[in-house]
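*Asks:* Structure incoming, see below.
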Amino acid sequence: MLVGMTRPVLTAAAVTALTVLGARAARADEPQPPDPAAITVCVQPLGKVDRALMAPLTRSITHVYGFTVRTLPARKLAKAAWYAPRKRWRADKLLDDLLAARAAGAADGCDVTLGVTRDDISHENEEGNDWGILGLAYLDHPVAVVSSFRVKRKAGRSKQARRLAKVALHELGHTFGLEHRAEPGPGCIMNDAGGTIRTVDAERGTLCADERAHIEQKLGVSLPEVDEVDWRWIERGK
């Protein structure tokens, strides 16, 4: 399992999305940094999803980042992404499909599109092997994808919800230019999973100070000050 592999190529769509956000933050008459709620993350169901995990996922984004979250109509998994030898879906192909959908206007009003599926996803690792993963994002691109397939291992519904939320928060960090940490920080959301879900379980679900500062500078917003995630609210909405 690998979380947050990135490809450092910036498309025109990504430049446009992030430039618009930067322009929104540059108004001289703003007495305070813009509200992060002005940024919209659109959750895009891909194929079948674990419905019980969707609400906690969306609440986690609002709780930690302060962004507005909108759920788009379900979209089929792209046929081009099917990897028959392992009977799963190539995550990079799914990201390419999400980028194409944005270019076609299917995600109007969405600053970032987060694909979510319950199907198994994978990516070709450095050795050229097909490697099962939890999520993937292209660095500085407005698209990411996460899968609940691997969060279920030895986990009840509560732990599954926490795992998927952390993976989503991690991948969103990549979309705003955060790379994996050169040195792991205690509980930091951008730690590299290193091929094991234990790293995900060890994360607090919050941004470390340098991660938070990067996103605030990148987007020109003031993110919520979250020192400890309210998992009860995220999981139950109360």
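We name chains A, B, ... following the order of the structure tokens; residues begin at 1 in each chain, and ligands are numbered from 1 as shown.
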Taking only range 6-164 of chain A into account, list the residues labelled strand (DSSP E or B) by DSSP (computed from the backbone), as a PyMOL selection string.
*Replies:* chain A and resi 40-46+68-71+75+82-83+88-90+112-117+121-124+130-133+135-137+143-147
*Asks:* Point out the residue among A:Ala161, A:Val221, A:Ala107, A:Ile197 with the least atom-to-atom distance to Ala38 in chain A, counting only C-alpha atoms.
*Replies:* A:Val221
*Asks:* Residues at most 12 Å from Arg75 in chain A, counting only C-alpha atoms, excluding those fewer than 4 positions away in the same chain, as a list in words?
*Replies:*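 These residues fall inside the cut-off: Val43, Gln44, Pro45, Leu46, Gly47, Lys48, Val49, Thr71, Lys79, Leu94, Asp97, Leu98, Ala101, Ala106, Ala107, Gly115, Val116 and Thr117 of chain A.
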*Asks:* Give me the residues near Asp92 in chain A as number ranges by chain, where near means some atom within 8 Å (using only C-alpha atoms) and where sequence neighbours in that chain fewer than 4 positions away do not count.
*Replies:* A: 81, 96, 123, 136
*Asks:* Just checking: using only C-alpha atoms, which residue out of A:Arg90, A:His141, A:Arg198, A:His174 ends up closest to Lys159 in chain A?
*Replies:* A:Arg198
